[in-house]
>>> print(open('protein.txt').read())   # compact mmCIF, C-alpha atoms and all ligand atoms
# COMPACT_ATOMS: atom_id res chain seq x y z
CA MET M 1 -24.80 -4.57 -14.71
CA SER M 2 -22.41 -7.15 -16.05
CA ASP M 3 -18.80 -7.45 -14.95
CA LYS M 4 -15.88 -6.66 -17.23
CA GLU M 5 -13.04 -8.94 -18.23
CA LYS M 6 -10.51 -9.92 -15.58
CA ARG M 7 -7.35 -8.27 -16.88
CA PHE M 8 -4.65 -5.85 -15.72
CA TRP M 9 -1.59 -4.39 -17.43
CA LEU M 10 1.18 -3.37 -15.01
CA ARG M 11 3.07 -0.56 -16.70
CA CYS M 12 6.64 0.48 -16.00
CA GLU M 13 7.42 3.47 -13.80
CA THR M 14 9.29 6.36 -15.39
CA LYS M 15 9.68 8.69 -12.42
CA PRO M 16 13.39 8.87 -11.47
CA PHE M 17 14.38 6.77 -8.41
CA GLU M 18 10.92 5.14 -8.24
CA ARG M 19 11.56 1.46 -7.65
CA ARG M 20 8.19 0.56 -6.13
CA ALA M 21 5.36 -1.24 -7.92
CA ALA M 22 1.58 -1.13 -7.47
CA LEU M 23 1.45 -4.86 -8.16
CA THR M 24 4.04 -7.29 -6.78
CA PRO M 25 4.66 -10.88 -7.85
CA THR M 26 2.85 -11.99 -4.66
CA THR M 27 -0.35 -10.11 -5.45
CA ALA M 28 -0.08 -10.84 -9.18
CA ARG M 29 -0.13 -14.55 -8.32
CA LYS M 30 -3.30 -14.04 -6.26
CA LEU M 31 -4.99 -12.23 -9.14
CA ILE M 32 -3.98 -14.98 -11.55
CA ASN M 33 -5.30 -17.63 -9.15
CA SER M 34 -8.61 -15.76 -9.22
CA GLY M 35 -8.79 -15.98 -13.00
CA PHE M 36 -7.12 -12.70 -14.03
CA THR M 37 -4.73 -12.31 -16.94
CA VAL M 38 -1.88 -10.06 -15.82
CA TYR M 39 0.40 -8.37 -18.35
CA VAL M 40 3.61 -6.94 -16.92
CA GLU M 41 5.91 -4.55 -18.74
CA ARG M 42 9.58 -5.43 -18.45
CA ASP M 43 11.14 -2.81 -16.18
CA GLN M 44 14.75 -2.49 -15.03
CA GLN M 45 13.80 0.26 -12.59
CA ARG M 46 11.38 -1.88 -10.57
CA ILE M 47 12.73 -3.55 -7.38
CA PHE M 48 11.17 -6.86 -8.51
CA ASP M 49 12.88 -8.76 -11.32
CA ASP M 50 10.84 -9.40 -14.46
CA SER M 51 11.46 -13.11 -13.89
CA GLU M 52 9.65 -12.96 -10.53
CA TYR M 53 6.47 -11.97 -12.39
CA GLU M 54 7.04 -14.52 -15.11
CA THR M 55 7.44 -17.29 -12.55
CA VAL M 56 3.98 -16.63 -11.08
CA GLY M 57 2.33 -16.68 -14.52
CA CYS M 58 2.28 -13.05 -15.67
CA LYS M 59 2.64 -12.36 -19.40
CA LEU M 60 5.69 -10.15 -19.92
CA VAL M 61 5.41 -7.34 -22.47
CA GLU M 62 7.79 -4.66 -23.69
CA ASN M 63 8.81 -1.74 -21.50
CA ASN M 64 6.52 1.30 -21.81
CA SER M 65 4.30 -0.40 -24.39
CA TRP M 66 0.99 0.36 -22.62
CA PRO M 67 -0.02 3.10 -25.12
CA ASN M 68 -0.46 0.24 -27.62
CA ALA M 69 -2.29 -2.08 -25.21
CA PRO M 70 -5.85 -3.09 -26.19
CA ILE M 71 -8.14 -0.23 -25.19
CA ASP M 72 -10.21 -2.35 -22.81
CA VAL M 73 -7.26 -3.54 -20.66
CA PRO M 74 -6.96 -1.46 -17.47
CA ILE M 75 -3.46 -0.02 -16.98
CA LEU M 76 -2.11 -0.26 -13.45
CA GLY M 77 0.77 1.95 -12.35
CA LEU M 78 2.03 3.75 -9.29
CA LYS M 79 3.19 7.28 -9.92
CA GLU M 80 2.18 9.93 -12.42
CA LEU M 81 2.81 9.46 -16.14
CA ALA M 82 5.55 11.41 -17.89
CA VAL M 83 4.33 14.87 -18.93
CA SER M 84 2.85 14.83 -22.43
CA ASP M 85 -0.11 16.14 -24.42
CA SER M 86 -1.07 12.81 -25.92
CA PRO M 87 -4.69 11.78 -25.28
CA LEU M 88 -5.30 8.89 -22.86
CA PRO M 89 -7.95 6.45 -24.11
CA HIS M 90 -7.34 3.69 -21.50
CA THR M 91 -8.60 3.18 -17.98
CA HIS M 92 -5.71 3.98 -15.60
CA VAL M 93 -5.38 3.03 -11.94
CA GLN M 94 -2.55 5.05 -10.36
CA PHE M 95 -1.57 8.05 -8.23
CA ALA M 96 -2.01 11.02 -10.56
CA HIS M 97 -1.62 13.91 -8.09
CA CYS M 98 -4.04 16.10 -10.04
CA TYR M 99 -7.11 16.43 -7.77
CA LYS M 100 -5.78 19.09 -5.40
CA ASN M 101 -4.93 21.81 -7.91
CA GLN M 102 -1.31 20.70 -8.06
CA ALA M 103 0.84 22.32 -10.74
CA GLY M 104 -0.34 21.11 -14.16
CA TRP M 105 -3.40 19.29 -12.76
CA SER M 106 -5.83 20.39 -15.45
CA SER M 107 -3.53 19.45 -18.34
CA VAL M 108 -3.20 15.91 -16.93
CA LEU M 109 -6.99 15.56 -16.80
CA ALA M 110 -7.30 17.14 -20.25
CA ARG M 111 -5.40 14.15 -21.62
CA PHE M 112 -8.10 11.84 -20.25
CA TYR M 113 -10.83 14.15 -21.54
CA ARG M 114 -9.42 14.15 -25.06
CA GLY M 115 -8.71 10.40 -25.10
CA GLY M 116 -11.99 9.33 -23.49
CA GLY M 117 -10.12 7.28 -20.87
CA THR M 118 -10.83 7.02 -17.14
CA LEU M 119 -8.66 7.66 -14.09
CA TYR M 120 -9.12 5.79 -10.81
CA ASP M 121 -6.73 7.60 -8.46
CA LEU M 122 -5.21 5.33 -5.80
CA GLU M 123 -5.14 8.19 -3.30
CA PHE M 124 -8.91 8.33 -3.31
CA LEU M 125 -9.90 4.69 -2.92
CA ASN M 126 -11.62 4.66 0.46
CA ASP M 127 -13.30 2.00 2.57
CA ALA M 128 -16.80 2.43 3.98
CA ASN M 129 -15.35 4.45 6.92
CA GLY M 130 -13.58 6.87 4.63
CA ARG M 131 -10.10 5.38 5.35
CA ARG M 132 -7.73 4.81 2.44
CA VAL M 133 -7.81 1.16 1.35
CA ALA M 134 -4.08 1.27 0.61
CA ALA M 135 -1.43 3.76 1.67
CA PHE M 136 2.32 3.76 2.08
CA GLY M 137 2.43 5.18 5.60
CA PHE M 138 3.98 2.34 7.60
CA HIS M 139 7.19 2.19 5.61
CA ALA M 140 7.40 6.00 5.42
CA GLY M 141 7.54 6.07 9.21
CA PHE M 142 9.91 3.11 9.34
CA ALA M 143 12.33 4.66 6.81
CA GLY M 144 11.98 8.12 8.36
CA ALA M 145 12.93 6.81 11.79
CA ALA M 146 15.90 5.00 10.23
CA ALA M 147 17.04 8.19 8.51
CA GLY M 148 16.65 9.99 11.85
CA ALA M 149 18.79 7.42 13.65
CA LEU M 150 21.41 7.64 10.89
CA ALA M 151 21.48 11.44 11.18
CA TYR M 152 21.86 11.10 14.95
CA ALA M 153 24.78 8.64 14.47
CA ALA M 154 26.48 11.01 12.01
CA GLN M 155 26.00 13.93 14.38
CA ARG M 156 27.59 12.00 17.25
CA ASN M 157 30.65 11.65 15.01
CA GLY M 158 30.62 15.37 14.24
CA LYS M 159 29.31 14.80 10.72
CA LYS M 160 26.30 15.51 8.54
CA LEU M 161 24.30 12.58 7.17
CA GLY M 162 25.40 11.74 3.60
CA PRO M 163 23.20 10.60 0.68
CA LEU M 164 20.63 7.85 1.29
CA GLU M 165 20.13 4.93 -1.11
CA PRO M 166 17.19 2.50 -1.27
CA TYR M 167 17.83 -0.68 0.74
CA ALA M 168 17.37 -4.19 -0.67
CA ASP M 169 15.06 -4.99 2.24
CA GLU M 170 14.11 -4.08 5.79
CA GLY M 171 16.79 -6.34 7.31
CA ALA M 172 19.51 -4.50 5.40
CA MET M 173 18.18 -1.15 6.61
CA VAL M 174 18.02 -2.27 10.25
CA ALA M 175 21.53 -3.77 10.06
CA ASP M 176 22.96 -0.59 8.53
CA VAL M 177 21.39 1.67 11.16
CA LYS M 178 22.63 -0.58 13.98
CA ALA M 179 26.13 -0.66 12.51
CA LYS M 180 26.22 3.15 12.19
CA LEU M 181 25.02 3.55 15.79
CA GLY M 182 27.96 1.37 16.78
CA GLY M 183 26.37 -0.10 19.90
CA ARG M 184 24.96 3.24 21.13
CA GLU M 185 21.32 2.32 20.60
CA LYS M 186 20.58 2.08 24.33
CA GLU M 187 21.63 5.74 24.68
CA VAL M 188 19.05 6.94 22.16
CA LYS M 189 15.74 8.42 23.26
CA ALA M 190 13.05 9.04 20.64
CA LEU M 191 9.59 10.60 20.56
CA VAL M 192 7.04 9.72 17.90
CA ILE M 193 3.96 11.95 17.59
CA GLY M 194 1.07 10.39 15.67
CA ALA M 195 2.26 7.05 17.04
CA LEU M 196 -1.12 5.36 16.58
CA GLY M 197 -1.26 6.03 12.84
CA ARG M 198 0.28 4.19 9.89
CA CYS M 199 3.51 6.21 9.73
CA GLY M 200 3.79 6.41 13.51
CA ARG M 201 3.51 2.62 13.93
CA GLY M 202 6.26 2.18 11.34
CA ALA M 203 8.55 4.64 13.16
CA VAL M 204 8.01 2.86 16.49
CA ASP M 205 8.67 -0.51 14.82
CA LEU M 206 12.04 0.69 13.44
CA PHE M 207 13.13 2.04 16.82
CA ARG M 208 12.24 -1.32 18.39
CA LYS M 209 14.05 -3.28 15.68
CA ILE M 210 17.28 -1.28 16.04
CA GLY M 211 17.20 -2.03 19.77
CA LEU M 212 16.07 1.11 21.60
CA ASP M 213 14.77 0.49 25.12
CA GLU M 214 10.96 0.47 25.06
CA ASN M 215 11.03 3.19 27.76
CA ASN M 216 13.08 5.33 25.42
CA ILE M 217 10.46 5.24 22.67
CA LEU M 218 7.88 7.84 23.69
CA LYS M 219 4.63 7.36 21.82
CA TRP M 220 2.30 10.32 21.60
CA ASP M 221 -0.96 10.75 19.79
CA LEU M 222 -3.98 13.05 20.19
CA ASP M 223 -4.33 12.57 23.97
CA GLU M 224 -0.77 13.66 24.69
CA THR M 225 -0.82 16.75 22.46
CA ALA M 226 -4.28 17.89 23.61
CA LYS M 227 -2.68 20.26 26.15
CA GLY M 228 -1.23 22.25 23.23
CA GLY M 229 2.37 22.93 22.23
CA PRO M 230 5.13 23.97 22.07
CA PHE M 231 6.40 20.96 24.02
CA GLN M 232 9.50 20.91 26.21
CA GLU M 233 9.34 17.08 26.01
CA ILE M 234 10.47 17.26 22.37
CA LEU M 235 13.65 19.08 23.37
CA ASP M 236 14.41 16.32 25.88
CA VAL M 237 14.81 13.47 23.36
CA ASP M 238 17.53 12.80 20.76
CA VAL M 239 15.26 12.13 17.80
CA PHE M 240 11.74 13.47 17.27
CA VAL M 241 9.61 11.94 14.51
CA ASN M 242 6.43 13.77 13.51
CA CYS M 243 3.84 11.48 11.93
CA ILE M 244 0.56 13.29 12.48
CA TYR M 245 -2.14 13.68 9.88
CA LEU M 246 -2.71 17.42 9.99
CA THR M 247 -6.31 18.46 9.41
CA THR M 248 -6.73 21.73 11.29
CA GLN M 249 -4.66 24.55 12.68
CA ILE M 250 -2.99 23.44 15.94
CA PRO M 251 -0.48 25.18 18.21
CA PRO M 252 3.08 24.45 16.98
CA PHE M 253 4.89 21.47 18.50
CA LEU M 254 8.26 23.20 18.29
CA THR M 255 9.28 26.79 17.55
CA GLU M 256 12.48 28.65 16.71
CA GLU M 257 12.02 30.88 19.77
CA GLN M 258 11.77 27.82 21.99
CA ILE M 259 14.98 26.36 20.54
CA TYR M 260 16.78 29.69 20.93
CA SER M 261 15.61 30.23 24.44
CA VAL M 262 16.90 26.88 25.78
CA GLY M 263 20.32 27.47 24.23
CA THR M 264 22.74 24.69 25.17
CA ASN M 265 20.11 23.10 27.40
CA ARG M 266 18.75 20.91 24.57
CA ARG M 267 19.09 17.20 23.97
CA LEU M 268 17.19 17.15 20.68
CA GLY M 269 19.54 16.66 17.71
CA VAL M 270 17.31 15.40 14.90
CA VAL M 271 13.77 16.16 13.77
CA VAL M 272 12.21 13.89 11.16
CA ASP M 273 9.07 15.42 9.74
CA VAL M 274 7.45 12.43 8.07
CA SER M 275 4.20 14.37 7.73
CA CYS M 276 6.05 16.94 5.61
CA ASP M 277 3.50 19.73 5.82
CA THR M 278 6.41 21.90 4.78
CA THR M 279 4.57 24.58 2.86
CA ASN M 280 1.33 24.29 4.81
CA PRO M 281 0.72 27.53 6.75
CA ASN M 282 -0.33 25.34 9.70
CA ASN M 283 2.89 23.27 9.74
CA PRO M 284 3.28 22.42 13.46
CA ILE M 285 7.09 22.35 13.10
CA PRO M 286 7.84 25.80 11.65
CA ILE M 287 11.61 25.49 12.05
CA TYR M 288 12.43 24.67 8.41
CA SER M 289 11.00 25.57 5.02
CA VAL M 290 12.30 23.10 2.42
CA ASN M 291 11.81 19.45 1.63
CA THR M 292 15.07 17.55 1.89
CA THR M 293 16.11 14.83 -0.56
CA PHE M 294 17.87 11.46 -0.65
CA SER M 295 21.01 13.15 -1.96
CA GLU M 296 20.90 15.80 0.77
CA PRO M 297 18.75 14.35 3.54
CA THR M 298 19.12 17.03 6.22
CA VAL M 299 18.72 20.77 6.54
CA ALA M 300 20.11 22.63 9.56
CA ALA M 301 17.61 24.45 11.77
CA VAL M 302 18.64 27.86 13.06
CA VAL M 303 19.78 27.25 16.65
CA GLY M 304 21.86 30.28 17.63
CA ALA M 305 25.64 30.56 17.95
CA GLY M 306 27.38 28.13 20.27
CA ASN M 307 24.51 25.63 20.40
CA SER M 308 24.67 22.03 19.22
CA PRO M 309 23.30 21.35 15.72
CA LEU M 310 19.69 20.47 15.02
CA ASP M 311 19.17 18.59 11.75
CA VAL M 312 15.77 18.34 10.09
CA ILE M 313 14.80 15.58 7.65
CA SER M 314 11.75 16.42 5.52
CA ILE M 315 11.80 13.91 2.65
CA ASP M 316 8.36 13.49 1.11
CA HIS M 317 8.90 10.09 -0.59
CA LEU M 318 10.41 8.05 2.23
CA PRO M 319 8.87 4.64 1.30
CA THR M 320 11.13 4.63 -1.77
CA LEU M 321 13.96 3.75 0.65
CA LEU M 322 12.28 0.37 1.21
CA PRO M 323 10.80 -0.39 -2.20
CA ARG M 324 10.27 -4.12 -1.72
CA GLU M 325 8.39 -4.16 1.58
CA ALA M 326 6.58 -0.89 0.86
CA SER M 327 5.28 -2.33 -2.43
CA GLU M 328 4.31 -5.66 -0.84
CA GLN M 329 2.29 -3.98 1.89
CA PHE M 330 0.61 -1.48 -0.42
CA SER M 331 -0.20 -4.09 -3.03
CA ALA M 332 -1.57 -6.54 -0.46
CA ASP M 333 -3.87 -3.80 0.90
CA LEU M 334 -4.99 -2.94 -2.62
CA LEU M 335 -5.63 -6.54 -3.66
CA PRO M 336 -9.24 -6.91 -2.37
CA SER M 337 -10.23 -3.84 -4.39
CA LEU M 338 -8.34 -5.07 -7.47
CA LEU M 339 -10.20 -8.37 -7.27
CA GLU M 340 -13.45 -6.37 -7.44
CA PHE M 341 -12.32 -4.21 -10.36
CA PRO M 342 -14.25 -6.14 -13.02
CA GLY M 343 -17.39 -4.98 -11.14
CA ARG M 344 -16.23 -1.35 -11.08
CA ASP M 345 -19.51 -0.06 -12.45
CA HIS M 346 -21.34 -1.18 -9.30
CA VAL M 347 -18.71 -1.80 -6.55
CA ARG M 348 -18.74 1.19 -4.15
CA VAL M 349 -14.99 1.75 -3.76
CA TRP M 350 -14.67 2.09 -7.54
CA THR M 351 -17.94 3.94 -8.25
CA ASP M 352 -16.95 6.55 -5.60
CA ALA M 353 -13.53 6.96 -7.23
CA LYS M 354 -15.13 7.33 -10.64
CA ARG M 355 -17.58 9.96 -9.38
CA LEU M 356 -14.69 11.99 -7.98
CA TYR M 357 -12.83 11.62 -11.27
CA GLU M 358 -15.83 12.89 -13.20
CA GLU M 359 -16.12 15.94 -10.91
CA LYS M 360 -12.45 16.79 -11.34
CA LEU M 361 -12.63 16.14 -15.07
CA ALA M 362 -15.49 18.63 -15.40
CA GLU M 363 -13.47 21.25 -13.45
CA ALA M 364 -10.44 20.66 -15.64
CA ALA M 365 -12.52 20.87 -18.82
CA LYS M 366 -13.68 24.35 -17.77
CA VAL M 367 -10.16 25.52 -16.96
CA GLU M 368 -8.77 24.09 -20.17
CA LYS M 369 -11.76 25.39 -22.18
CA LEU M 370 -12.47 21.95 -23.67
N1 LIG M 401 7.12 11.62 3.98
C1 LIG M 401 6.58 10.62 3.32
O1 LIG M 401 7.20 9.98 2.48
C2 LIG M 401 5.15 10.22 3.62
C3 LIG M 401 4.64 9.00 3.14
C4 LIG M 401 3.33 8.63 3.50
C5 LIG M 401 2.56 9.50 4.28
N2 LIG M 401 3.09 10.70 4.67
C6 LIG M 401 2.30 11.65 5.48
O2 LIG M 401 2.32 11.24 6.83
C7 LIG M 401 1.16 11.75 7.49
C8 LIG M 401 0.52 10.67 8.33
O3 LIG M 401 -0.01 9.67 7.46
P1 LIG M 401 -0.66 8.32 8.06
O4 LIG M 401 -1.07 7.49 6.89
O5 LIG M 401 0.24 7.75 9.09
O6 LIG M 401 -1.94 8.93 8.77
P2 LIG M 401 -2.87 8.21 9.83
O7 LIG M 401 -4.18 8.88 9.73
O8 LIG M 401 -2.78 6.71 9.72
O9 LIG M 401 -2.19 8.58 11.24
C9 LIG M 401 -2.09 9.88 11.72
C10 LIG M 401 -2.05 9.84 13.25
O10 LIG M 401 -1.82 11.17 13.69
C11 LIG M 401 -2.63 11.38 14.83
N3 LIG M 401 -2.80 12.83 14.99
C12 LIG M 401 -3.49 13.67 14.20
N4 LIG M 401 -3.41 14.92 14.71
C13 LIG M 401 -2.65 14.85 15.82
C14 LIG M 401 -2.21 15.79 16.77
N5 LIG M 401 -2.54 17.08 16.67
N6 LIG M 401 -1.46 15.36 17.80
C15 LIG M 401 -1.12 14.05 17.91
N7 LIG M 401 -1.50 13.11 17.04
C16 LIG M 401 -2.26 13.51 16.00
C17 LIG M 401 -3.91 10.62 14.53
O11 LIG M 401 -4.66 10.37 15.71
C18 LIG M 401 -3.35 9.35 13.90
O12 LIG M 401 -3.07 8.36 14.87
C19 LIG M 401 0.29 12.31 6.39
O13 LIG M 401 0.46 13.71 6.36
C20 LIG M 401 0.83 11.71 5.13
O14 LIG M 401 0.62 12.52 3.99
C21 LIG M 401 4.36 11.06 4.37
>>> encode(input="protein.txt", output="structure tokens", more="lines below")
Ligand SMILES: NC(=O)c1ccc[n+]([C@@H]2O[C@H](COP(=O)([O-])OP(=O)(O)OC[C@H]3O[C@@H](n4cnc5c(N)ncnc54)[C@H](O)[C@@H]3O)[C@@H](O)[C@H]2O)c1
Amino acid sequence: MSDKEKRFWLRCETKPFERRAALTPTTARKLINSGFTVYVERDQQRIFDDSEYETVGCKLVENNSWPNAPIDVPILGLKELAVSDSPLPHTHVQFAHCYKNQAGWSSVLARFYRGGGTLYDLEFLNDANGRRVAAFGFHAGFAGAAAGALAYAAQRNGKKLGPLEPYADEGAMVADVKAKLGGREKEVKALVIGALGRCGRGAVDLFRKIGLDENNILKWDLDETAKGGPFQEILDVDVFVNCIYLTTQIPPFLTEEQIYSVGTNRRLGVVVDVSCDTTNPNNPIPIYSVNTTFSEPTVAAVVGAGNSPLDVISIDHLPTLLPREASEQFSADLLPSLLEFPGRDHVRVWTDAKRLYEEKLAEAAKVEKL
């Protein structure tokens, strides 16, 4: 089987607040050095300036002009396309969020069916061990821990955490959290569960960077939770960050009854549920029921009259708070697979993704009666 032309078209993102990019100037340069032609749509929303792409040799094209791109140029994007009925004739590489029966899943796939295009979903690009080749976990944990520390700082001042805005870079985030803690970082004790995973490592890294004592960063993973919850240890820290990858039903880590029963005898002030299994019936932190947002980052858990507040953060798009670093890390992890994309008809990571697409497409065609 022969390889296809070495080309990519980075489209703009249209999802509100999405500043990240699947391809950064750093990785675009590496593709170009390997003989690729990289078209980049001008995009004010993206954290990277258009000029950064131009400098490394990308060809800039008009914003949102991909529908008119030559049919054989693969379109690279991050988040889902704006809702529409128009057929999709191109090959798209992106997160489409339509393989798990999400709302509107079959109508998204119907657009590919009608247009004759192909979807390679970034969520389902796996290495030979079944691990995602690229995921945003590290910066989700990092940003989640930062939001947790900010909520803790606000609480200490008798306030609720106000709206969160994306930071220019990691240094700005760390400096802001330190400033808001006002020198209290040595007083803070945190527990990260899922500490060996992507998100968990990011959360631990943030706590280190803002200056917590290493002894005050408790790191738990499967071994520590094997005894089964609920865990008193969670009530004995200031900030608890949950970063587990939930696969089966497990005993809850924390319950409303437990919080009620300890009354004023609780140190815990902030729970950050990075895992965000909010509507999952097996959510191990069944003390809240909504996803919080950047404009309203916390929701109060029910704690009983006279007890200190317990704020929960359950934002499901945390890496958006650090668009530059999150994009750089994701794009760097994706690069080896992108370099192999011209051989997508025989390279395993891509043939697996295409097989999955074809299965889902067939399911959607039935549902949509195509
Ligand atoms: N909120 C967000 O913005 C955001 C962003 C990215 C990922 N996530 C979510 O975060 C979760 C973790 O993702 P990841 O990429 O870090 O996963 P990962 O597989 O890299 O890490 C998960 C870790 O959890 C541990 N774990 C699993 N079950 C456990 C248990 N019962 N007790 C203790 N540890 C346990 C695993 O051993 C592993 O170390 C996923 O649910 C993912 O969807 C959320």
>>> atom_distance(input="protein.txt", atom1="CA of Asn216 (chain M)", atom2="CA of Ile287 (chain M)")
24.2 Å
>>> residues_around(input="protein.txt", residues="region 146-149 of chain M", least_positions_apart="3", cutoff="10 Å", atoms="all atoms listed in the file", output="ChimeraX atom specification")
/M:140-143,152-155,161,164,173-174,176-178,180-181,185,188,190,203,206-207,210,238-241,269-273,294,297-298,311-313,315,318,321
>>> write_last_selection(input="protein.txt", atoms="C-alpha atoms", output="short mmCIF file (atom, residue, chain, number, x, y, z; two decimals), keeping the file's coordinate frame")
data_model
loop_
_atom_site.label_atom_id
_atom_site.label_comp_id
_atom_site.auth_asym_id
_atom_site.auth_seq_id
_atom_site.Cartn_x
_atom_site.Cartn_y
_atom_site.Cartn_z
CA ALA M 140 7.40 6.00 5.42
CA GLY M 141 7.54 6.07 9.21
CA PHE M 142 9.91 3.11 9.34
CA ALA M 143 12.33 4.66 6.81
CA TYR M 152 21.86 11.10 14.95
CA ALA M 153 24.78 8.64 14.47
CA ALA M 154 26.48 11.01 12.01
CA GLN M 155 26.00 13.93 14.38
CA LEU M 161 24.30 12.58 7.17
CA LEU M 164 20.63 7.85 1.29
CA MET M 173 18.18 -1.15 6.61
CA VAL M 174 18.02 -2.27 10.25
CA ASP M 176 22.96 -0.59 8.53
CA VAL M 177 21.39 1.67 11.16
CA LYS M 178 22.63 -0.58 13.98
CA LYS M 180 26.22 3.15 12.19
CA LEU M 181 25.02 3.55 15.79
CA GLU M 185 21.32 2.32 20.60
CA VAL M 188 19.05 6.94 22.16
CA ALA M 190 13.05 9.04 20.64
CA ALA M 203 8.55 4.64 13.16
CA LEU M 206 12.04 0.69 13.44
CA PHE M 207 13.13 2.04 16.82
CA ILE M 210 17.28 -1.28 16.04
CA ASP M 238 17.53 12.80 20.76
CA VAL M 239 15.26 12.13 17.80
CA PHE M 240 11.74 13.47 17.27
CA VAL M 241 9.61 11.94 14.51
CA GLY M 269 19.54 16.66 17.71
CA VAL M 270 17.31 15.40 14.90
CA VAL M 271 13.77 16.16 13.77
CA VAL M 272 12.21 13.89 11.16
CA ASP M 273 9.07 15.42 9.74
CA PHE M 294 17.87 11.46 -0.65
CA PRO M 297 18.75 14.35 3.54
CA THR M 298 19.12 17.03 6.22
CA ASP M 311 19.17 18.59 11.75
CA VAL M 312 15.77 18.34 10.09
CA ILE M 313 14.80 15.58 7.65
CA ILE M 315 11.80 13.91 2.65
CA LEU M 318 10.41 8.05 2.23
CA LEU M 321 13.96 3.75 0.65
#
>>> closest_atom_pairs(input="protein.txt", of="chain M", to="ligand LIG 401 (chain M)", cutoff="6 Å", atoms="only C-alpha atoms and all ligand atoms", output="Markdown table")
| residue | atom | partner | partner_atom | distance |
| --- | --- | --- | --- | --- |
| M:Phe136 | CA | M:LIG401 | C4 | 5.2 |
| M:Gly137 | CA | M:LIG401 | C4 | 4.1 |
| M:Ala140 | CA | M:LIG401 | C3 | 4.7 |
| M:Ile193 | CA | M:LIG401 | C15 | 5.5 |
| M:Gly194 | CA | M:LIG401 | O10 | 3.6 |
| M:Ala195 | CA | M:LIG401 | O12 | 5.9 |
| M:Leu196 | CA | M:LIG401 | O12 | 4.0 |
| M:Gly197 | CA | M:LIG401 | O9 | 3.2 |
| M:Arg198 | CA | M:LIG401 | O5 | 3.6 |
| M:Cys199 | CA | M:LIG401 | O5 | 3.7 |
| M:Gly200 | CA | M:LIG401 | O5 | 5.8 |
| M:Asp221 | CA | M:LIG401 | N7 | 3.7 |
| M:Leu222 | CA | M:LIG401 | C15 | 3.8 |
| M:Thr225 | CA | M:LIG401 | N6 | 4.9 |
| M:Cys243 | CA | M:LIG401 | C8 | 5.0 |
| M:Ile244 | CA | M:LIG401 | O10 | 3.4 |
| M:Tyr245 | CA | M:LIG401 | C9 | 4.2 |
| M:Leu246 | CA | M:LIG401 | N4 | 5.4 |
| M:Val274 | CA | M:LIG401 | N1 | 4.2 |
| M:Ser275 | CA | M:LIG401 | O2 | 3.8 |
| M:Cys276 | CA | M:LIG401 | N1 | 5.7 |
| M:Ile315 | CA | M:LIG401 | N1 | 5.4 |
| M:Asp316 | CA | M:LIG401 | N1 | 3.6 |
| M:His317 | CA | M:LIG401 | O1 | 3.5 |
| M:Leu318 | CA | M:LIG401 | O1 | 3.8 |
| M:Pro319 | CA | M:LIG401 | O1 | 5.7 |
>>> closest_residue(input="protein.txt", among="M:Phe112, M:Ala172, M:Val40, M:Glu187", to="Ser84 (chain M)", atoms="all atoms listed in the file")
M:Phe112
>>> residues_around(input="protein.txt", residues="region 59-62 of chain M", least_positions_apart="4", cutoff="9 Å", atoms="only C-alpha atoms", output="list in words")
Thr37, Val38, Tyr39, Val40, Glu41, Arg42, Asp43, Asp50, Ser51, Tyr53, Glu54 and Trp66 of chain M
>>> atom_distance(input="protein.txt", atom1="CA of Glu325 (chain M)", atom2="CA of Asn126 (chain M)")
21.9 Å
>>> atom_distance(input="protein.txt", atom1="CA of Ser314 (chain M)", atom2="CA of Ala145 (chain M)")
11.5 Å
>>> closest_residue(input="protein.txt", among="M:Glu52, M:Glu165, M:Asp127, M:Glu368", to="Arg19 (chain M)", atoms="all atoms listed in the file")
M:Glu165
>>> residues_near_point(input="protein.txt", point="(18.4, 16.7, 25.9)", cutoff="7 Å", atoms="all atoms listed in the file", output="PDB file with C-alpha atoms, keeping the file's coordinate frame")
ATOM      1  CA  LEU M 235      13.650  19.080  23.370  1.00  0.00           C
ATOM      2  CA  ASP M 236      14.410  16.320  25.880  1.00  0.00           C
ATOM      3  CA  VAL M 237      14.810  13.470  23.360  1.00  0.00           C
ATOM      4  CA  ASP M 238      17.530  12.800  20.760  1.00  0.00           C
ATOM      5  CA  ASN M 265      20.110  23.100  27.400  1.00  0.00           C
ATOM      6  CA  ARG M 266      18.750  20.910  24.570  1.00  0.00           C
ATOM      7  CA  ARG M 267      19.090  17.200  23.970  1.00  0.00           C
ATOM      8  CA  LEU M 268      17.190  17.150  20.680  1.00  0.00           C
TER       9      LEU M 268
END
>>> residues_around(input="protein.txt", residues="Ala21 (chain M)", least_positions_apart="4", cutoff="8 Å", atoms="only C-alpha atoms", output="list in words")
Glu13, Arg46, Ile47, Gly77, Leu78, Pro323, Ser327 and Ser331 of chain M
>>> closest_residue(input="protein.txt", among="M:Gln232, M:Tyr99, M:Pro89, M:Ala128", to="Glu359 (chain M)", atoms="all atoms listed in the file")
M:Tyr99
>>> axis_aligned_box(input="protein.txt", around="region 224-237 of chain M", padding_each_side="3 Å", output="JSON")
{"center_x": 5.3, "center_y": 18.7, "center_z": 24.1, "size_x": 25.1, "size_y": 16.5, "size_z": 10.1}
>>> residues_around(input="protein.txt", residues="Lys4 (chain M)", least_positions_apart="3", cutoff="12 Å", atoms="only C-alpha atoms", output="JSON, numbers by chain")
{"M": [1, 7, 8, 36, 72, 73, 74, 339, 340, 341, 342, 343, 344, 345, 346]}
>>> residues_around(input="protein.txt", residues="Ala305 (chain M)", least_positions_apart="6", cutoff="10 Å", atoms="only C-alpha atoms", output="number ranges by chain")
M: 260, 263-264
>>> closest_residue(input="protein.txt", among="M:Arg29, M:Lys79, M:Lys219, M:Lys160", to="Val299 (chain M)", atoms="all atoms listed in the file")
M:Lys160
